[in-house]
>>> print(open('query05.cif').read())   # mmCIF, C-alpha atoms and all ligand atoms
data_model
#
loop_
_atom_site.label_atom_id
_atom_site.label_comp_id
_atom_site.auth_asym_id
_atom_site.auth_seq_id
_atom_site.Cartn_x
_atom_site.Cartn_y
_atom_site.Cartn_z
CA MET A 1285 231.26 74.05 -16.74
CA ILE A 1286 232.96 75.62 -19.70
CA GLY A 1287 232.45 72.11 -20.91
CA SER A 1288 235.02 69.43 -20.46
CA LEU A 1289 234.10 68.23 -23.91
CA MET A 1290 234.84 71.59 -25.40
CA ARG A 1291 237.96 71.91 -23.37
CA ASN A 1292 239.13 68.52 -24.53
CA ILE A 1293 238.59 69.44 -28.13
CA PHE A 1294 240.31 72.75 -27.61
CA TYR A 1295 243.11 71.27 -25.62
CA LYS A 1296 243.68 68.45 -28.05
CA LYS A 1297 243.88 70.84 -30.91
CA LEU A 1298 246.67 72.73 -29.21
CA THR A 1299 248.49 69.77 -27.82
CA SER A 1300 247.60 66.92 -30.12
CA GLU A 1301 250.99 65.31 -29.93
CA LEU A 1302 251.16 65.43 -26.19
CA THR A 1303 250.87 62.65 -23.71
CA GLU A 1304 247.86 62.43 -21.43
CA ILE A 1305 248.10 61.41 -17.78
CA LYS A 1306 244.95 60.24 -16.03
CA LEU A 1307 244.43 59.24 -12.44
CA THR A 1308 242.92 55.81 -11.83
CA GLU A 1309 241.60 54.22 -8.66
CA SER A 1310 244.93 52.75 -7.62
CA GLY A 1311 247.39 54.68 -9.72
CA PHE A 1312 247.47 56.42 -13.05
CA SER A 1313 247.62 55.83 -16.77
CA ILE A 1314 249.81 57.40 -19.42
CA LYS A 1315 248.54 57.64 -22.93
CA GLU A 1316 251.06 58.57 -25.53
CA PRO A 1317 249.86 60.21 -28.71
CA PHE A 1318 249.16 58.61 -32.08
CA GLY A 1319 246.71 56.01 -30.91
CA ALA A 1320 248.93 54.13 -28.49
CA LYS A 1321 247.11 52.21 -25.77
CA PRO A 1322 247.31 53.79 -22.31
CA LYS A 1323 249.92 52.29 -20.01
CA LEU A 1324 248.59 51.55 -16.55
CA PHE A 1325 250.60 52.06 -13.38
CA ASN A 1326 249.73 51.15 -9.83
CA TRP A 1327 251.24 53.28 -7.07
CA LYS A 1328 252.26 50.00 -5.40
CA GLU A 1329 254.76 49.22 -8.14
CA ILE A 1330 256.34 52.67 -8.08
CA ASN A 1331 259.55 53.01 -6.09
CA SER A 1332 259.99 56.75 -6.07
CA VAL A 1333 258.48 59.97 -7.41
CA GLN A 1334 260.56 63.11 -7.72
CA PHE A 1335 260.66 66.48 -9.42
CA SER A 1336 263.45 67.46 -11.75
CA GLU A 1337 265.64 70.27 -10.47
CA ASN A 1338 263.75 73.00 -12.34
CA ARG A 1339 260.40 71.46 -11.31
CA ASP A 1340 259.04 71.14 -14.82
CA GLU A 1341 259.23 67.35 -14.90
CA VAL A 1342 258.45 64.50 -12.56
CA TYR A 1343 260.43 61.28 -12.64
CA PHE A 1344 259.08 58.07 -11.27
CA GLU A 1345 260.79 54.73 -10.96
CA LYS A 1346 259.25 51.38 -11.67
CA ALA A 1347 261.51 48.35 -11.37
CA ASP A 1348 264.72 49.61 -12.95
CA LYS A 1349 263.01 52.04 -15.30
CA LYS A 1350 262.93 55.79 -14.82
CA ILE A 1351 260.01 57.46 -16.55
CA SER A 1352 259.57 61.20 -17.03
CA LEU A 1353 256.33 63.16 -17.10
CA LYS A 1354 256.59 66.72 -18.37
CA ASN A 1355 254.51 69.66 -17.25
CA ASN A 1356 253.05 70.07 -20.73
CA ASN A 1357 251.51 66.61 -20.57
CA ILE A 1358 247.75 66.83 -20.22
CA GLY A 1359 246.81 66.07 -16.62
CA TRP A 1360 250.27 66.75 -15.17
CA TYR A 1361 249.05 69.34 -12.67
CA GLU A 1362 246.34 66.99 -11.48
CA PHE A 1363 248.91 64.23 -11.19
CA ILE A 1364 251.34 66.21 -9.03
CA GLN A 1365 248.51 67.01 -6.62
CA ASN A 1366 247.66 63.35 -6.17
CA VAL A 1367 251.00 61.71 -5.45
CA PRO A 1368 250.52 59.58 -2.31
CA THR A 1369 252.19 60.99 0.80
CA ARG A 1370 254.27 57.86 1.30
CA PHE A 1371 256.67 59.12 -1.39
CA LYS A 1372 258.69 61.13 1.09
CA GLU A 1373 261.18 62.30 -1.53
CA PHE A 1374 258.41 64.13 -3.42
CA ASP A 1375 258.21 67.87 -2.82
CA PHE A 1376 254.61 68.21 -1.61
CA GLU A 1377 255.31 71.66 -0.23
CA TYR A 1378 256.31 72.93 -3.65
CA VAL A 1379 253.04 71.58 -5.09
CA SER A 1380 250.84 73.33 -2.56
CA LYS A 1381 252.82 76.57 -2.82
CA PHE A 1382 252.64 76.45 -6.58
CA MET A 1383 248.91 75.73 -6.72
CA ASN A 1384 248.22 78.49 -4.19
CA SER A 1385 250.24 80.98 -6.21
CA LEU A 1386 248.03 80.62 -9.29
CA LYS A 1387 245.59 83.37 -10.15
CA ALA A 1388 242.25 83.23 -11.91
CA CYS A 1389 242.19 83.56 -15.68
CA ALA A 1390 239.67 86.14 -16.84
CA VAL A 1391 239.41 84.47 -20.22
CA CYS A 1392 238.69 80.80 -19.40
CA GLY A 1393 237.71 81.10 -15.72
CA ILE A 1394 240.22 78.55 -14.47
CA VAL A 1395 242.62 79.40 -11.65
CA ALA A 1396 245.70 78.64 -13.70
CA VAL A 1397 247.57 81.88 -14.33
CA ARG A 1398 251.26 81.50 -13.59
CA GLU A 1399 253.25 84.69 -13.88
CA ASN A 1400 251.26 86.29 -16.69
CA GLU A 1401 250.09 83.33 -18.69
CA CYS A 1402 247.27 80.86 -18.21
CA ILE A 1403 248.44 77.25 -18.19
CA VAL A 1404 245.07 76.01 -19.44
CA CYS A 1405 244.11 78.40 -22.27
CA GLU A 1406 247.57 79.91 -22.79
CA THR A 1407 246.27 83.48 -22.83
CA ILE A 1408 248.53 86.29 -21.64
CA THR A 1409 246.85 88.23 -18.85
CA TRP A 1410 245.69 91.72 -19.78
CA ASN A 1411 248.26 94.35 -18.83
CA ASN A 1412 248.94 98.03 -19.37
CA GLU A 1413 250.80 97.42 -22.60
CA VAL A 1414 247.69 96.07 -24.31
CA ILE A 1415 246.04 98.75 -26.45
CA GLU A 1416 242.49 97.51 -25.87
CA ASN A 1417 240.87 98.10 -22.51
CA GLU A 1418 240.63 95.10 -20.23
CA ILE A 1419 237.06 94.09 -21.03
CA GLU A 1420 237.59 94.44 -24.78
CA TYR A 1421 240.71 92.32 -24.48
CA ILE A 1422 238.97 89.58 -22.49
CA LYS A 1423 236.10 89.62 -24.93
CA SER A 1424 238.32 89.18 -27.96
CA LYS A 1425 240.33 86.42 -26.28
CA GLN A 1426 237.13 84.61 -25.30
CA SER A 1427 235.92 84.86 -28.90
CA GLU A 1428 239.17 83.27 -30.03
CA LEU A 1429 239.07 80.60 -27.36
CA TYR A 1430 235.49 79.58 -28.05
CA SER A 1431 235.48 80.13 -31.81
CA GLU A 1432 235.19 76.40 -32.55
CA LEU A 1433 232.20 76.07 -30.25
CA ILE A 1434 230.56 79.14 -31.66
CA LYS A 1435 231.07 77.83 -35.19
CA SER A 1436 229.53 74.49 -34.35
CA GLY A 1437 226.61 76.15 -32.56
CA THR A 1438 227.43 74.58 -29.20
CA GLU A 1439 226.34 76.55 -26.20
CA ILE A 1440 229.14 77.93 -24.06
CA LYS A 1441 228.55 77.41 -20.36
CA LYS A 1442 228.40 80.55 -18.28
CA VAL A 1443 229.93 79.11 -15.13
CA ALA A 1444 233.50 77.86 -14.98
CA GLU A 1445 234.12 74.49 -13.38
CA PRO A 1446 237.32 72.95 -12.08
CA GLU A 1447 239.30 70.89 -14.51
CA HIS A 1448 242.72 69.35 -15.10
CA GLY A 1449 243.30 69.65 -11.37
CA PHE A 1450 242.76 73.41 -11.35
CA LYS A 1451 240.08 75.27 -9.44
CA ALA A 1452 237.51 77.43 -11.16
CA ASP A 1453 236.90 81.10 -10.48
CA LYS A 1454 233.35 81.54 -9.17
CA ASN A 1455 233.32 85.17 -10.31
CA TRP A 1456 234.33 84.42 -13.85
CA LYS A 1457 232.33 86.20 -16.53
CA LEU A 1458 231.64 85.26 -20.08
CA TYR A 1459 231.49 88.43 -22.19
CA ILE A 1460 230.53 86.95 -25.52
ZN ZN B 1 242.78 80.62 -19.13
#
>>> encode(input="query05.cif", output="structure tokens", more="lines below")
Ligand SMILES: [Zn+2]
Amino acid sequence: MIGSLMRNIFYKKLTSELTEIKLTESGFSIKEPFGAKPKLFNWKEINSVQFSENRDEVYFEKADKKISLKNNNIGWYEFIQNVPTRFKEFDFEYVSKFMNSLKACAVCGIVAVRENECIVCETITWNNEVIENEIEYIKSKQSELYSELIKSGTEIKKVAEPEHGFKADKNWKLYI
């Protein structure tokens, strides 16, 4: 894969103060930034799971507490794809429509382009307003994206692999 390690480093650099959601065997954990211990949740103790009106947050209820998870939390897209079906109030149809609407990112190889921007690497998709031709553009964005790895002499994998709940593009090409 592009390297989950590399991706983690990269991702953390961009989103260091963000919360990380991870799936566990019977639920999920939420790790808030600045060294806090992850909080564990079991699906059994959750009363409801629902999107906010604009779909960029998910609220879940535990006892009398309402907790919000935002779509810029690491792991959010994986989380929304793994909500158990017993939460009837959750909009599963929206999730599958949304995931199916994503396009492959030519820069990082992950199927995570929404409108014209990749959710994973945050690159704007090449378009006619870019002065460079498409390949030159992808090449320069890949150089930017992998600059830390290149600096540290770490090999960049040539095949993209799924991550953060997103699929990988089998036809992805590394140009650098
Ligand atoms: Zn990308």
>>> closest_residue(input="query05.cif", among="A:Gln1365, A:Ser1332, A:Ser1380, A:Thr1407", to="ligand ZN 1 (chain B)", atoms="all atoms listed in the file")
A:Thr1407
>>> atom_distance(input="query05.cif", atom1="atom CA of A:Asp1348", atom2="atom CA of A:Arg1370")
19.5 Å
>>> closest_residue(input="query05.cif", among="A:Arg1398, A:Lys1425, A:Lys1454, A:Arg1339", to="A:Ser1385", atoms="only C-alpha atoms")
A:Arg1398
>>> closest_residue(input="query05.cif", among="A:Thr1308, A:Thr1409, A:Asn1355, A:Asn1326", to="ligand ZN 1 (chain B)", atoms="all atoms listed in the file")
A:Thr1409
>>> residues_near_point(input="query05.cif", point="(257.2, 61.2, -6.2)", cutoff="6 Å", atoms="only C-alpha atoms", output="ChimeraX atom specification")
/A:1332-1334,1371,1374
>>> residues_around(input="query05.cif", residues="A:Glu1418", least_positions_apart="5", cutoff="12 Å", atoms="only C-alpha atoms", output="short mmCIF file (atom, residue, chain, number, x, y, z; two decimals) with C-alpha atoms, keeping the file's coordinate frame")
data_model
loop_
_atom_site.label_atom_id
_atom_site.label_comp_id
_atom_site.auth_asym_id
_atom_site.auth_seq_id
_atom_site.Cartn_x
_atom_site.Cartn_y
_atom_site.Cartn_z
CA ALA A 1390 239.67 86.14 -16.84
CA VAL A 1391 239.41 84.47 -20.22
CA ILE A 1408 248.53 86.29 -21.64
CA THR A 1409 246.85 88.23 -18.85
CA TRP A 1410 245.69 91.72 -19.78
CA ASN A 1411 248.26 94.35 -18.83
CA ASN A 1412 248.94 98.03 -19.37
CA GLU A 1413 250.80 97.42 -22.60
CA LYS A 1423 236.10 89.62 -24.93
CA SER A 1424 238.32 89.18 -27.96
CA LYS A 1425 240.33 86.42 -26.28
CA TYR A 1459 231.49 88.43 -22.19
#
>>> decode(input="query05.cif", residues="stretch 1371-1400 of chain A", atoms="N, CA and C atoms", output="CSV table (one decimal), in the first residue's frame")
chain,number,residue,atom,x,y,z
A,1371,PHE,N,-29.7,0.3,14.1
A,1371,PHE,CA,-29.9,1.7,14.3
A,1371,PHE,C,-30.8,2.2,13.1
A,1372,LYS,N,-32.1,2.0,13.2
A,1372,LYS,CA,-33.0,2.3,12.1
A,1372,LYS,C,-33.0,3.7,11.7
A,1373,GLU,N,-32.7,4.6,12.7
A,1373,GLU,CA,-32.8,6.0,12.4
A,1373,GLU,C,-31.6,6.5,11.6
A,1374,PHE,N,-30.6,5.7,11.4
A,1374,PHE,CA,-29.3,6.1,10.7
A,1374,PHE,C,-29.6,6.0,9.2
A,1375,ASP,N,-29.1,7.0,8.5
A,1375,ASP,CA,-29.3,7.0,7.0
A,1375,ASP,C,-28.3,6.2,6.3
A,1376,PHE,N,-28.5,4.9,6.2
A,1376,PHE,CA,-27.6,3.9,5.5
A,1376,PHE,C,-27.6,4.2,4.0
A,1377,GLU,N,-28.7,4.6,3.5
A,1377,GLU,CA,-28.8,4.9,2.1
A,1377,GLU,C,-27.9,6.0,1.7
A,1378,TYR,N,-27.9,7.0,2.5
A,1378,TYR,CA,-27.0,8.2,2.2
A,1378,TYR,C,-25.5,7.7,2.2
A,1379,VAL,N,-25.2,6.9,3.2
A,1379,VAL,CA,-23.8,6.4,3.2
A,1379,VAL,C,-23.4,5.6,2.0
A,1380,SER,N,-24.2,4.7,1.5
A,1380,SER,CA,-23.9,4.0,0.3
A,1380,SER,C,-23.9,4.9,-0.9
A,1381,LYS,N,-24.8,5.8,-1.0
A,1381,LYS,CA,-24.8,6.7,-2.1
A,1381,LYS,C,-23.5,7.6,-2.1
A,1382,PHE,N,-23.2,8.1,-1.0
A,1382,PHE,CA,-22.0,8.9,-0.8
A,1382,PHE,C,-20.8,8.2,-1.2
A,1383,MET,N,-20.6,7.0,-0.7
A,1383,MET,CA,-19.4,6.2,-1.0
A,1383,MET,C,-19.3,5.9,-2.4
A,1384,ASN,N,-20.4,5.6,-3.0
A,1384,ASN,CA,-20.4,5.2,-4.5
A,1384,ASN,C,-20.2,6.4,-5.4
A,1385,SER,N,-20.4,7.6,-4.8
A,1385,SER,CA,-20.2,8.8,-5.6
A,1385,SER,C,-18.8,9.3,-5.7
A,1386,LEU,N,-17.9,8.7,-4.9
A,1386,LEU,CA,-16.5,9.1,-4.8
A,1386,LEU,C,-15.8,8.6,-6.0
A,1387,LYS,N,-14.8,9.5,-6.4
A,1387,LYS,CA,-14.0,9.1,-7.6
A,1387,LYS,C,-12.5,8.9,-7.1
A,1388,ALA,N,-11.8,8.2,-8.0
A,1388,ALA,CA,-10.4,7.9,-7.6
A,1388,ALA,C,-9.5,9.1,-7.7
A,1389,CYS,N,-8.6,9.2,-6.7
A,1389,CYS,CA,-7.7,10.4,-6.7
A,1389,CYS,C,-6.4,9.9,-7.4
A,1390,ALA,N,-6.1,10.7,-8.4
A,1390,ALA,CA,-4.9,10.4,-9.2
A,1390,ALA,C,-3.6,10.6,-8.5
A,1391,VAL,N,-3.7,11.4,-7.4
A,1391,VAL,CA,-2.4,11.7,-6.7
A,1391,VAL,C,-2.1,10.6,-5.6
A,1392,CYS,N,-3.1,10.3,-4.8
A,1392,CYS,CA,-2.8,9.3,-3.7
A,1392,CYS,C,-3.4,7.9,-4.0
A,1393,GLY,N,-4.2,7.7,-5.0
A,1393,GLY,CA,-4.7,6.4,-5.4
A,1393,GLY,C,-5.9,5.9,-4.6
A,1394,ILE,N,-6.4,6.8,-3.7
A,1394,ILE,CA,-7.6,6.3,-2.9
A,1394,ILE,C,-8.8,6.9,-3.6
A,1395,VAL,N,-9.9,6.1,-3.5
A,1395,VAL,CA,-11.2,6.5,-4.1
A,1395,VAL,C,-11.8,7.4,-3.1
A,1396,ALA,N,-11.5,8.7,-3.1
A,1396,ALA,CA,-12.0,9.6,-2.0
A,1396,ALA,C,-12.2,11.0,-2.6
A,1397,VAL,N,-12.4,11.1,-3.9
A,1397,VAL,CA,-12.6,12.5,-4.4
A,1397,VAL,C,-14.1,12.8,-4.4
A,1398,ARG,N,-14.3,13.8,-3.6
A,1398,ARG,CA,-15.7,14.3,-3.5
A,1398,ARG,C,-15.7,15.7,-4.2
A,1399,GLU,N,-16.7,15.9,-5.0
A,1399,GLU,CA,-16.7,17.1,-5.9
A,1399,GLU,C,-15.3,17.2,-6.5
A,1400,ASN,N,-14.5,18.2,-6.2
A,1400,ASN,CA,-13.1,18.2,-6.9
A,1400,ASN,C,-12.0,18.0,-6.0
